[in-house]
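Step one of this worksheet: look at the structure below.
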Amino acid sequence: MDQLLKLLRENAALTPAQLSKMLNLSEVEVVAKIKACEKDQVILGYRTVLNEEKLGVDLVRAVIEVKITPERGGGFDRLAGRIAKYAEVHSCHLMSGGYDLLVVVEGRNLREVATFVSEKLATVQGVLSTATHFMLKPYKEQGILMAREQNEERLAVAP
């Protein structure tokens, strides 16, 4: 992977000035490379990892295992693309193993997620079955630990 892309993947908040120093390129070259990557859809977007607990955000997330029947002429892609377009779907991946798609959904509460699964996802023609697993607490998100370790001093153990 290109060094510029590696740096942006680790920290998309780096400025062109900072990147130019790290890569020994001019700022103009860095900006041009970034624009070219965006135009070619190598860079699809930029995200910030938030500690939603500290913000008081109460979203419900679920991971859904979905078994589907591949479509003639479209395989898994056409059906996965249709599912991925739902606003509730945060991510959608083709998987190996006991199910075909791994779908991550978000909702304001359990009922909203359950309604999505029962009324939208499960009713899509070609969906054979779903298994929903609710996410309870994040420990690491996109490579970032959600809670910093605190140096807790332990009491000495005496015999």
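Just so we're on the same page: first chain in the structure tokens is A, next is B, and so on; residues restart at 1 for each chain, and ligands are numbered from 1 in the order they show up.
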
Which stretch 82-140 of chain A residues have any atom within 9 Å of an atom of stretch 66-71 of chain A, and for each, what is the nearest pair of atoms with distance in Å to one decimal, counting only C-alpha atoms, rows sorted by chain and number, as a Markdown table?
```
| residue | atom | partner | partner_atom | distance |
| --- | --- | --- | --- | --- |
| A:Gly98 | CA | A:Lys67 | CA | 8.1 |
| A:Tyr99 | CA | A:Lys67 | CA | 4.9 |
| A:Asp100 | CA | A:Lys67 | CA | 5.1 |
| A:Leu101 | CA | A:Val66 | CA | 5.0 |
| A:Leu102 | CA | A:Val66 | CA | 6.3 |
| A:Val103 | CA | A:Val66 | CA | 7.3 |
| A:Leu121 | CA | A:Val66 | CA | 9.0 |
| A:Ala122 | CA | A:Val66 | CA | 8.8 |
| A:Gln125 | CA | A:Thr69 | CA | 8.8 |
| A:Gly126 | CA | A:Thr69 | CA | 5.0 |
| A:Val127 | CA | A:Ile68 | CA | 4.4 |
| A:Leu128 | CA | A:Ile68 | CA | 5.2 |
| A:Ser129 | CA | A:Lys67 | CA | 5.2 |
| A:Thr130 | CA | A:Val66 | CA | 4.6 |
| A:Ala131 | CA | A:Val66 | CA | 6.7 |
| A:Thr132 | CA | A:Val66 | CA | 8.8 |
```

Which residues, written as a VMD selection string, have at least one atom at most 10 Å from A:Val30, with only C-alpha atoms counted and residues fewer than 3 positions away on the same chain left out? chain A and resid 4 15 to 21 23 to 27 33 to 36

Mind listing the alpha helix (DSSP H) residues of stretch 27-142 of chain A, per DSSP on the backbone, as a PyMOL selection string? chain A and resi 27-39+52-55+77-84+110-115

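Compared by their closest atoms to A:Gly45, and using only C-alpha atoms, the residues A:Leu79, A:Leu8, A:Ala84, A:Cys92 rank with A:Leu8 nearest.
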
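Closest approach to A:Ala13 among A:Val63, A:Val49, A:Leu136, A:Leu110: A:Val49, based on only C-alpha atoms.
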
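Nearest-residue note for A:Ile83: choosing from A:Ala147, A:Val31, A:Leu5, A:Val124, the minimum distance belongs to A:Val124, counting only C-alpha atoms.
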
Check chain A with DSSP on the backbone and list each residue it calls strand (DSSP E or B), as a VMD selection string. chain A and resid 60 to 68 71 75 89 to 94 101 to 107 127 to 135 140 to 141 144 to 145

Output the selection as an mmCIF file, in the first residue's frame - N, CA and C atoms for each residue.
```cif
data_model
loop_
_atom_site.group_PDB
_atom_site.id
_atom_site.type_symbol
_atom_site.label_atom_id
_atom_site.label_comp_id
_atom_site.auth_asym_id
_atom_site.auth_seq_id
_atom_site.Cartn_x
_atom_site.Cartn_y
_atom_site.Cartn_z
ATOM 1 N N VAL A 60 -28.428 1.279 19.307
ATOM 2 C CA VAL A 60 -28.384 -0.172 19.432
ATOM 3 C C VAL A 60 -27.784 -0.709 18.144
ATOM 4 N N ARG A 61 -26.784 -1.566 18.279
ATOM 5 C CA ARG A 61 -26.141 -2.170 17.110
ATOM 6 C C ARG A 61 -26.319 -3.681 17.177
ATOM 7 N N ALA A 62 -26.476 -4.265 16.016
ATOM 8 C CA ALA A 62 -26.596 -5.713 15.935
ATOM 9 C C ALA A 62 -25.791 -6.219 14.751
ATOM 10 N N VAL A 63 -25.249 -7.415 14.922
ATOM 11 C CA VAL A 63 -24.568 -8.125 13.848
ATOM 12 C C VAL A 63 -25.530 -9.225 13.418
ATOM 13 N N ILE A 64 -25.808 -9.280 12.139
ATOM 14 C CA ILE A 64 -26.794 -10.246 11.641
ATOM 15 C C ILE A 64 -26.126 -11.181 10.635
ATOM 16 N N GLU A 65 -26.230 -12.467 10.916
ATOM 17 C CA GLU A 65 -25.777 -13.483 9.976
ATOM 18 C C GLU A 65 -26.940 -13.742 9.019
ATOM 19 N N VAL A 66 -26.684 -13.644 7.728
ATOM 20 C CA VAL A 66 -27.751 -13.797 6.744
ATOM 21 C C VAL A 66 -27.374 -14.894 5.752
ATOM 22 N N LYS A 67 -28.277 -15.851 5.583
ATOM 23 C CA LYS A 67 -28.105 -16.876 4.551
ATOM 24 C C LYS A 67 -28.980 -16.470 3.378
ATOM 25 N N ILE A 68 -28.390 -16.479 2.178
ATOM 26 C CA ILE A 68 -29.135 -16.067 0.986
ATOM 27 C C ILE A 68 -28.945 -17.078 -0.136
ATOM 28 N N GLU A 71 -28.340 -15.175 -6.823
ATOM 29 C CA GLU A 71 -29.201 -14.962 -7.982
ATOM 30 C C GLU A 71 -28.491 -15.396 -9.253
ATOM 31 N N GLY A 75 -25.155 -13.636 -8.841
ATOM 32 C CA GLY A 75 -24.496 -14.247 -7.691
ATOM 33 C C GLY A 75 -24.967 -13.614 -6.394
ATOM 34 N N VAL A 89 -28.453 -0.194 7.604
ATOM 35 C CA VAL A 89 -27.259 -1.031 7.443
ATOM 36 C C VAL A 89 -26.004 -0.175 7.521
ATOM 37 N N HIS A 90 -25.172 -0.499 8.490
ATOM 38 C CA HIS A 90 -23.905 0.207 8.707
ATOM 39 C C HIS A 90 -22.801 -0.409 7.855
ATOM 40 N N SER A 91 -22.797 -1.737 7.733
ATOM 41 C CA SER A 91 -21.846 -2.423 6.862
ATOM 42 C C SER A 91 -22.415 -3.774 6.450
ATOM 43 N N CYS A 92 -21.889 -4.306 5.352
ATOM 44 C CA CYS A 92 -22.374 -5.567 4.802
ATOM 45 C C CYS A 92 -21.194 -6.261 4.125
ATOM 46 N N HIS A 93 -20.938 -7.510 4.520
ATOM 47 C CA HIS A 93 -19.772 -8.232 4.011
ATOM 48 C C HIS A 93 -20.160 -9.640 3.551
ATOM 49 N N LEU A 94 -19.617 -10.085 2.434
ATOM 50 C CA LEU A 94 -19.738 -11.473 2.008
ATOM 51 C C LEU A 94 -18.773 -12.287 2.859
ATOM 52 N N LEU A 101 -23.759 -13.561 4.361
ATOM 53 C CA LEU A 101 -23.520 -12.137 4.585
ATOM 54 C C LEU A 101 -23.446 -11.843 6.074
ATOM 55 N N LEU A 102 -22.588 -10.919 6.428
ATOM 56 C CA LEU A 102 -22.542 -10.378 7.779
ATOM 57 C C LEU A 102 -22.988 -8.926 7.649
ATOM 58 N N VAL A 103 -24.110 -8.609 8.280
ATOM 59 C CA VAL A 103 -24.702 -7.286 8.163
ATOM 60 C C VAL A 103 -24.698 -6.634 9.540
ATOM 61 N N VAL A 104 -24.156 -5.424 9.626
ATOM 62 C CA VAL A 104 -24.170 -4.672 10.877
ATOM 63 C C VAL A 104 -25.205 -3.567 10.724
ATOM 64 N N VAL A 105 -26.160 -3.516 11.665
ATOM 65 C CA VAL A 105 -27.220 -2.515 11.603
ATOM 66 C C VAL A 105 -27.226 -1.672 12.866
ATOM 67 N N GLU A 106 -27.781 -0.468 12.747
ATOM 68 C CA GLU A 106 -27.917 0.445 13.874
ATOM 69 C C GLU A 106 -29.363 0.911 13.960
ATOM 70 N N GLY A 107 -29.819 1.110 15.184
ATOM 71 C CA GLY A 107 -31.146 1.648 15.406
ATOM 72 C C GLY A 107 -31.184 2.400 16.723
ATOM 73 N N VAL A 127 -33.497 -14.079 0.717
ATOM 74 C CA VAL A 127 -32.997 -14.236 2.088
ATOM 75 C C VAL A 127 -33.640 -15.491 2.664
ATOM 76 N N LEU A 128 -32.806 -16.452 3.032
ATOM 77 C CA LEU A 128 -33.298 -17.724 3.558
ATOM 78 C C LEU A 128 -33.472 -17.691 5.074
ATOM 79 N N SER A 129 -32.500 -17.082 5.781
ATOM 80 C CA SER A 129 -32.594 -17.021 7.240
ATOM 81 C C SER A 129 -31.685 -15.930 7.775
ATOM 82 N N THR A 130 -31.974 -15.509 9.005
ATOM 83 C CA THR A 130 -31.146 -14.514 9.691
ATOM 84 C C THR A 130 -30.917 -14.967 11.127
ATOM 85 N N ALA A 131 -29.795 -14.557 11.690
ATOM 86 C CA ALA A 131 -29.502 -14.772 13.116
ATOM 87 C C ALA A 131 -28.924 -13.458 13.628
ATOM 88 N N THR A 132 -29.626 -12.836 14.572
ATOM 89 C CA THR A 132 -29.259 -11.510 15.062
ATOM 90 C C THR A 132 -28.537 -11.602 16.394
ATOM 91 N N HIS A 133 -27.414 -10.892 16.492
ATOM 92 C CA HIS A 133 -26.621 -10.827 17.721
ATOM 93 C C HIS A 133 -26.462 -9.355 18.087
ATOM 94 N N PHE A 134 -26.945 -8.963 19.252
ATOM 95 C CA PHE A 134 -26.843 -7.566 19.663
ATOM 96 C C PHE A 134 -25.477 -7.298 20.271
ATOM 97 N N MET A 135 -24.880 -6.178 19.884
ATOM 98 C CA MET A 135 -23.584 -5.762 20.407
ATOM 99 C C MET A 135 -23.830 -5.035 21.735
ATOM 100 N N LYS A 140 -12.902 -2.195 21.293
ATOM 101 C CA LYS A 140 -11.977 -1.693 20.280
ATOM 102 C C LYS A 140 -12.779 -1.445 19.022
ATOM 103 N N GLU A 141 -12.567 -0.296 18.403
ATOM 104 C CA GLU A 141 -13.313 0.085 17.204
ATOM 105 C C GLU A 141 -12.342 0.597 16.160
ATOM 106 N N ILE A 144 -8.871 1.118 17.329
ATOM 107 C CA ILE A 144 -8.660 2.051 18.439
ATOM 108 C C ILE A 144 -9.319 1.507 19.695
ATOM 109 N N LEU A 145 -8.544 1.411 20.785
ATOM 110 C CA LEU A 145 -9.092 0.977 22.070
ATOM 111 C C LEU A 145 -10.056 2.033 22.575
#
```
